[in-house]
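A short write-up of the structure that comes next.
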Amino acid sequence: MSRIGRKPVPIASGVEVKTDGHQISVKGPLGTLTREFPPTITVSVANSQVDVTRQSDEREQRALHGLVRNEIQNMIDGVTKGFERILEINGVGYKATLAGRALSFNLGRTNPVVYPLPEGIDAKVDKQTIVTIKGVNKGLVGQTAADLRALKPPDVYKAKGIKYAGEVLIRKEGKTGK
């Protein structure tokens, strides 16, 4: 059996987990998440924990076993604590502003780039160069942060652009010119 899939998922206090066929919904203080799982994976809730089992030892089911367990863990963590990604903007004149449900970026182009935030995602801008993305769905938070980083990835010579906080960039040495 999968070592990760075998572990039961503890349910935190204040969180309600319901299963309906191949669908699971998790309700907590920060919101509600619903997800559908493959029919070969069985999810059961008992004794304030969630157990995930599979029907056979086929390769695909073994792969899904641990994945489903971790997705349920992320759902419970999301509705209790939430997830966040922090982006840093580097470069002269590069900045971000928040206007309603849209982020506007000045990234050295003639017009600002406007990015509308998806439902379930909140953003905060500090000092016009630090953008914090928050939400309860881990996948959506990560995808939104990746989409924003893709607007202007950091270049290899001056590291100008949008990068994740804590990301280590390997810079190239410029021409030496003799």
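Scheme for the structure tokens: letters A, B, ... for chains in order shown; per-chain residue numbers from 1; ligand numbers from 1 in order shown.
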* **A:Gln49 environment, 8 Å, only C-alpha atoms, sequence neighbours closer than 6 positions dropped, as a list in words** => Pro8, Val9, Pro10 and Ile11 of chain A
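Excluding A:Tyr115 itself and same-chain residues fewer than 3 positions from it, the residues having an atom within 8 Å of it are Ala102, Leu103, Ser104 and Leu148 of chain A, counting only C-alpha atoms.
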Would you export the selected residues with N, CA and C atoms as a PDB file, in the first residue's frame, please?
```
ATOM      1  N   ALA A 102      -8.965  43.485  -9.575  1.00  0.00           N
ATOM      2  CA  ALA A 102      -7.976  43.354 -10.649  1.00  0.00           C
ATOM      3  C   ALA A 102      -6.640  43.937 -10.201  1.00  0.00           C
ATOM      4  N   LEU A 103      -5.584  43.272 -10.608  1.00  0.00           N
ATOM      5  CA  LEU A 103      -4.227  43.770 -10.371  1.00  0.00           C
ATOM      6  C   LEU A 103      -3.730  44.431 -11.645  1.00  0.00           C
ATOM      7  N   SER A 104      -3.106  45.584 -11.505  1.00  0.00           N
ATOM      8  CA  SER A 104      -2.545  46.303 -12.647  1.00  0.00           C
ATOM      9  C   SER A 104      -1.029  46.382 -12.466  1.00  0.00           C
ATOM     10  N   LEU A 148       0.825  35.189 -12.748  1.00  0.00           N
ATOM     11  CA  LEU A 148       1.366  36.527 -12.531  1.00  0.00           C
ATOM     12  C   LEU A 148       2.868  36.560 -12.800  1.00  0.00           C
TER      13      LEU A 148
END
```
* Skip stretch 73-77 of chain A itself and residues of its chain fewer than 5 positions away, then list as a list in words all residues within 8 Å of it, counting only C-alpha atoms. => Val9, Ile11, Ala12, Val15, Val26, Gly28, Leu33, Gly82, Val136, Asn137 and Lys138 of chain A
Could you write out that same residue set with all heavy atoms as a PDB file, in the first residue's frame?
```pdb
ATOM      1  N   VAL A   9      -6.331  11.054   7.596  1.00  0.00           N
ATOM      2  CA  VAL A   9      -6.261  12.510   7.624  1.00  0.00           C
ATOM      3  C   VAL A   9      -7.062  12.991   8.829  1.00  0.00           C
ATOM      4  O   VAL A   9      -8.275  12.778   8.887  1.00  0.00           O
ATOM      5  CB  VAL A   9      -6.839  13.127   6.333  1.00  0.00           C
ATOM      6  CG1 VAL A   9      -6.737  14.635   6.377  1.00  0.00           C
ATOM      7  CG2 VAL A   9      -6.140  12.577   5.117  1.00  0.00           C
ATOM      8  N   ILE A  11      -9.231  15.388  11.124  1.00  0.00           N
ATOM      9  CA  ILE A  11     -10.136  16.502  10.852  1.00  0.00           C
ATOM     10  C   ILE A  11      -9.997  17.496  11.999  1.00  0.00           C
ATOM     11  O   ILE A  11     -10.203  17.141  13.162  1.00  0.00           O
ATOM     12  CB  ILE A  11     -11.595  16.028  10.710  1.00  0.00           C
ATOM     13  CG1 ILE A  11     -11.706  15.033   9.556  1.00  0.00           C
ATOM     14  CG2 ILE A  11     -12.523  17.206  10.510  1.00  0.00           C
ATOM     15  CD1 ILE A  11     -13.067  14.402   9.420  1.00  0.00           C
ATOM     16  N   ALA A  12      -9.655  18.728  11.696  1.00  0.00           N
ATOM     17  CA  ALA A  12      -9.475  19.763  12.711  1.00  0.00           C
ATOM     18  C   ALA A  12     -10.826  20.163  13.299  1.00  0.00           C
ATOM     19  O   ALA A  12     -11.876  19.955  12.691  1.00  0.00           O
ATOM     20  CB  ALA A  12      -8.783  20.982  12.087  1.00  0.00           C
ATOM     21  N   VAL A  15     -14.221  21.938  11.521  1.00  0.00           N
ATOM     22  CA  VAL A  15     -14.269  21.545  10.108  1.00  0.00           C
ATOM     23  C   VAL A  15     -15.264  20.409   9.960  1.00  0.00           C
ATOM     24  O   VAL A  15     -15.280  19.471  10.754  1.00  0.00           O
ATOM     25  CB  VAL A  15     -12.872  21.098   9.615  1.00  0.00           C
ATOM     26  CG1 VAL A  15     -12.944  20.608   8.181  1.00  0.00           C
ATOM     27  CG2 VAL A  15     -11.884  22.238   9.718  1.00  0.00           C
ATOM     28  N   VAL A  26     -15.670  19.861   2.060  1.00  0.00           N
ATOM     29  CA  VAL A  26     -15.054  20.250   3.321  1.00  0.00           C
ATOM     30  C   VAL A  26     -15.492  21.676   3.612  1.00  0.00           C
ATOM     31  O   VAL A  26     -15.308  22.572   2.788  1.00  0.00           O
ATOM     32  CB  VAL A  26     -13.515  20.159   3.232  1.00  0.00           C
ATOM     33  CG1 VAL A  26     -12.877  20.589   4.537  1.00  0.00           C
ATOM     34  CG2 VAL A  26     -13.083  18.756   2.867  1.00  0.00           C
ATOM     35  N   GLY A  28     -15.312  24.813   6.462  1.00  0.00           N
ATOM     36  CA  GLY A  28     -14.568  25.307   7.610  1.00  0.00           C
ATOM     37  C   GLY A  28     -14.773  26.790   7.812  1.00  0.00           C
ATOM     38  O   GLY A  28     -15.598  27.416   7.136  1.00  0.00           O
ATOM     39  N   LEU A  33     -14.947  23.853   0.229  1.00  0.00           N
ATOM     40  CA  LEU A  33     -14.318  23.286  -0.964  1.00  0.00           C
ATOM     41  C   LEU A  33     -14.996  21.970  -1.295  1.00  0.00           C
ATOM     42  O   LEU A  33     -15.310  21.182  -0.405  1.00  0.00           O
ATOM     43  CB  LEU A  33     -12.829  23.037  -0.735  1.00  0.00           C
ATOM     44  CG  LEU A  33     -11.938  24.266  -0.602  1.00  0.00           C
ATOM     45  CD1 LEU A  33     -10.533  23.853  -0.221  1.00  0.00           C
ATOM     46  CD2 LEU A  33     -11.911  25.042  -1.893  1.00  0.00           C
ATOM     47  N   GLY A  82      -5.765  28.458   5.285  1.00  0.00           N
ATOM     48  CA  GLY A  82      -5.623  29.123   4.002  1.00  0.00           C
ATOM     49  C   GLY A  82      -4.193  28.981   3.474  1.00  0.00           C
ATOM     50  O   GLY A  82      -3.294  28.514   4.173  1.00  0.00           O
ATOM     51  N   VAL A 136      -8.208  29.697  -0.283  1.00  0.00           N
ATOM     52  CA  VAL A 136      -8.376  28.422   0.405  1.00  0.00           C
ATOM     53  C   VAL A 136      -8.013  27.241  -0.479  1.00  0.00           C
ATOM     54  O   VAL A 136      -7.710  26.166   0.020  1.00  0.00           O
ATOM     55  CB  VAL A 136      -9.819  28.247   0.939  1.00  0.00           C
ATOM     56  CG1 VAL A 136     -10.120  29.271   2.008  1.00  0.00           C
ATOM     57  CG2 VAL A 136     -10.844  28.324  -0.166  1.00  0.00           C
ATOM     58  N   ASN A 137      -8.022  27.415  -1.798  1.00  0.00           N
ATOM     59  CA  ASN A 137      -7.709  26.339  -2.729  1.00  0.00           C
ATOM     60  C   ASN A 137      -6.228  26.430  -3.101  1.00  0.00           C
ATOM     61  O   ASN A 137      -5.793  27.372  -3.764  1.00  0.00           O
ATOM     62  CB  ASN A 137      -8.585  26.454  -3.975  1.00  0.00           C
ATOM     63  CG  ASN A 137      -8.444  25.291  -4.900  1.00  0.00           C
ATOM     64  OD1 ASN A 137      -7.466  24.556  -4.872  1.00  0.00           O
ATOM     65  ND2 ASN A 137      -9.446  25.108  -5.744  1.00  0.00           N
ATOM     66  N   LYS A 138      -5.433  25.446  -2.679  1.00  0.00           N
ATOM     67  CA  LYS A 138      -3.987  25.473  -2.887  1.00  0.00           C
ATOM     68  C   LYS A 138      -3.623  25.509  -4.368  1.00  0.00           C
ATOM     69  O   LYS A 138      -2.731  26.241  -4.782  1.00  0.00           O
ATOM     70  CB  LYS A 138      -3.340  24.263  -2.216  1.00  0.00           C
ATOM     71  CG  LYS A 138      -1.837  24.275  -2.274  1.00  0.00           C
ATOM     72  CD  LYS A 138      -1.239  23.114  -1.515  1.00  0.00           C
ATOM     73  CE  LYS A 138       0.264  23.207  -1.485  1.00  0.00           C
ATOM     74  NZ  LYS A 138       0.867  22.117  -0.708  1.00  0.00           N
TER      75      LYS A 138
END
```
* Who sits within 10 Å of A:Val125, only C-alpha atoms, same chain under 3 positions skipped, as a PyMOL selection string -> chain A and resi 86-87+95-98+103+128-133
Expected file contents, prior selection, all heavy atoms, as a CSV table (one decimal), in the first residue's frame:
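What ended up in result_4.csv:
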```csv
chain,number,residue,atom,x,y,z
A,86,ILE,N,3.8,34.7,-2.1
A,86,ILE,CA,4.2,36.1,-2.1
A,86,ILE,C,5.1,36.3,-3.3
A,86,ILE,O,6.0,35.5,-3.6
A,86,ILE,CB,5.0,36.5,-0.8
A,86,ILE,CG1,4.1,36.3,0.4
A,86,ILE,CG2,5.6,37.9,-0.9
A,86,ILE,CD1,4.8,36.5,1.7
A,87,LEU,N,4.9,37.3,-4.1
A,87,LEU,CA,5.6,37.7,-5.3
A,87,LEU,C,6.4,39.0,-5.1
A,87,LEU,O,5.8,39.9,-4.5
A,87,LEU,CB,4.7,37.8,-6.5
A,87,LEU,CG,3.9,36.5,-6.9
A,87,LEU,CD1,2.8,36.9,-7.9
A,87,LEU,CD2,4.8,35.5,-7.4
A,95,LYS,N,6.0,48.2,-11.1
A,95,LYS,CA,5.2,48.2,-9.9
A,95,LYS,C,3.8,47.6,-10.1
A,95,LYS,O,3.4,47.4,-11.3
A,95,LYS,CB,5.0,49.7,-9.4
A,95,LYS,CG,4.3,50.6,-10.4
A,95,LYS,CD,4.2,52.0,-9.9
A,95,LYS,CE,3.6,52.9,-10.9
A,95,LYS,NZ,3.4,54.3,-10.5
A,96,ALA,N,3.1,47.4,-9.0
A,96,ALA,CA,1.7,46.8,-9.1
A,96,ALA,C,0.8,47.6,-8.3
A,96,ALA,O,1.2,48.2,-7.2
A,96,ALA,CB,1.8,45.4,-8.6
A,97,THR,N,-0.5,47.7,-8.7
A,97,THR,CA,-1.5,48.3,-7.9
A,97,THR,C,-2.8,47.4,-8.0
A,97,THR,O,-3.0,46.7,-8.9
A,97,THR,CB,-1.9,49.7,-8.5
A,97,THR,OG1,-2.2,49.6,-9.9
A,97,THR,CG2,-0.7,50.7,-8.4
A,98,LEU,N,-3.6,47.5,-6.9
A,98,LEU,CA,-4.8,46.8,-6.8
A,98,LEU,C,-6.0,47.7,-7.0
A,98,LEU,O,-6.1,48.7,-6.2
A,98,LEU,CB,-4.8,46.1,-5.4
A,98,LEU,CG,-6.0,45.2,-5.2
A,98,LEU,CD1,-6.1,44.0,-6.1
A,98,LEU,CD2,-6.0,44.7,-3.7
A,103,LEU,N,-5.6,43.3,-10.6
A,103,LEU,CA,-4.2,43.8,-10.4
A,103,LEU,C,-3.7,44.4,-11.6
A,103,LEU,O,-3.9,43.9,-12.7
A,103,LEU,CB,-3.3,42.6,-10.0
A,103,LEU,CG,-3.4,42.0,-8.6
A,103,LEU,CD1,-2.7,40.7,-8.5
A,103,LEU,CD2,-2.9,43.0,-7.6
A,128,GLN,N,4.0,48.7,-3.5
A,128,GLN,CA,3.9,48.6,-4.9
A,128,GLN,C,4.9,47.5,-5.5
A,128,GLN,O,4.9,47.4,-6.7
A,128,GLN,CB,4.2,49.9,-5.6
A,128,GLN,CG,3.2,51.0,-5.3
A,128,GLN,CD,3.4,52.3,-6.0
A,128,GLN,OE1,4.6,52.6,-6.4
A,128,GLN,NE2,2.4,53.0,-6.2
A,129,THR,N,5.6,46.8,-4.7
A,129,THR,CA,6.5,45.8,-5.3
A,129,THR,C,6.4,44.4,-4.7
A,129,THR,O,7.0,43.5,-5.1
A,129,THR,CB,8.0,46.2,-5.1
A,129,THR,OG1,8.3,46.4,-3.7
A,129,THR,CG2,8.3,47.5,-5.8
A,130,ILE,N,5.5,44.3,-3.7
A,130,ILE,CA,5.3,43.0,-3.1
A,130,ILE,C,3.8,42.6,-3.2
A,130,ILE,O,2.9,43.4,-2.7
A,130,ILE,CB,5.7,42.9,-1.6
A,130,ILE,CG1,7.2,43.2,-1.5
A,130,ILE,CG2,5.4,41.6,-0.9
A,130,ILE,CD1,7.8,43.3,-0.2
A,131,VAL,N,3.5,41.5,-3.8
A,131,VAL,CA,2.1,41.1,-4.0
A,131,VAL,C,1.9,39.8,-3.3
A,131,VAL,O,2.6,38.9,-3.5
A,131,VAL,CB,1.8,40.9,-5.6
A,131,VAL,CG1,0.3,40.5,-5.8
A,131,VAL,CG2,2.1,42.2,-6.3
A,132,THR,N,0.8,39.8,-2.4
A,132,THR,CA,0.5,38.6,-1.7
A,132,THR,C,-0.8,38.0,-2.2
A,132,THR,O,-1.8,38.7,-2.3
A,132,THR,CB,0.4,38.9,-0.2
A,132,THR,OG1,1.5,39.6,0.3
A,132,THR,CG2,0.1,37.7,0.6
A,133,ILE,N,-0.8,36.8,-2.6
A,133,ILE,CA,-2.0,36.1,-3.1
A,133,ILE,C,-2.4,35.1,-2.0
A,133,ILE,O,-1.7,34.3,-1.6
A,133,ILE,CB,-1.6,35.3,-4.4
A,133,ILE,CG1,-0.9,36.1,-5.4
A,133,ILE,CG2,-2.8,34.6,-5.0
A,133,ILE,CD1,-1.8,37.2,-6.0
```
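Distance check against A:Arg69 using only C-alpha atoms: of A:Ser44, A:Ser56, A:Thr176, A:Asn90, the minimum falls on A:Ser44.
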* Could you pull out all residues of stretch 19-157 of chain A with a DSSP call of strand (DSSP E or B) and give them as a PyMOL selection string? -> chain A and resi 19-20+23-28+31-36+41-46+49-54+83-90+95-99+102-106+113-116+121-126+130-135
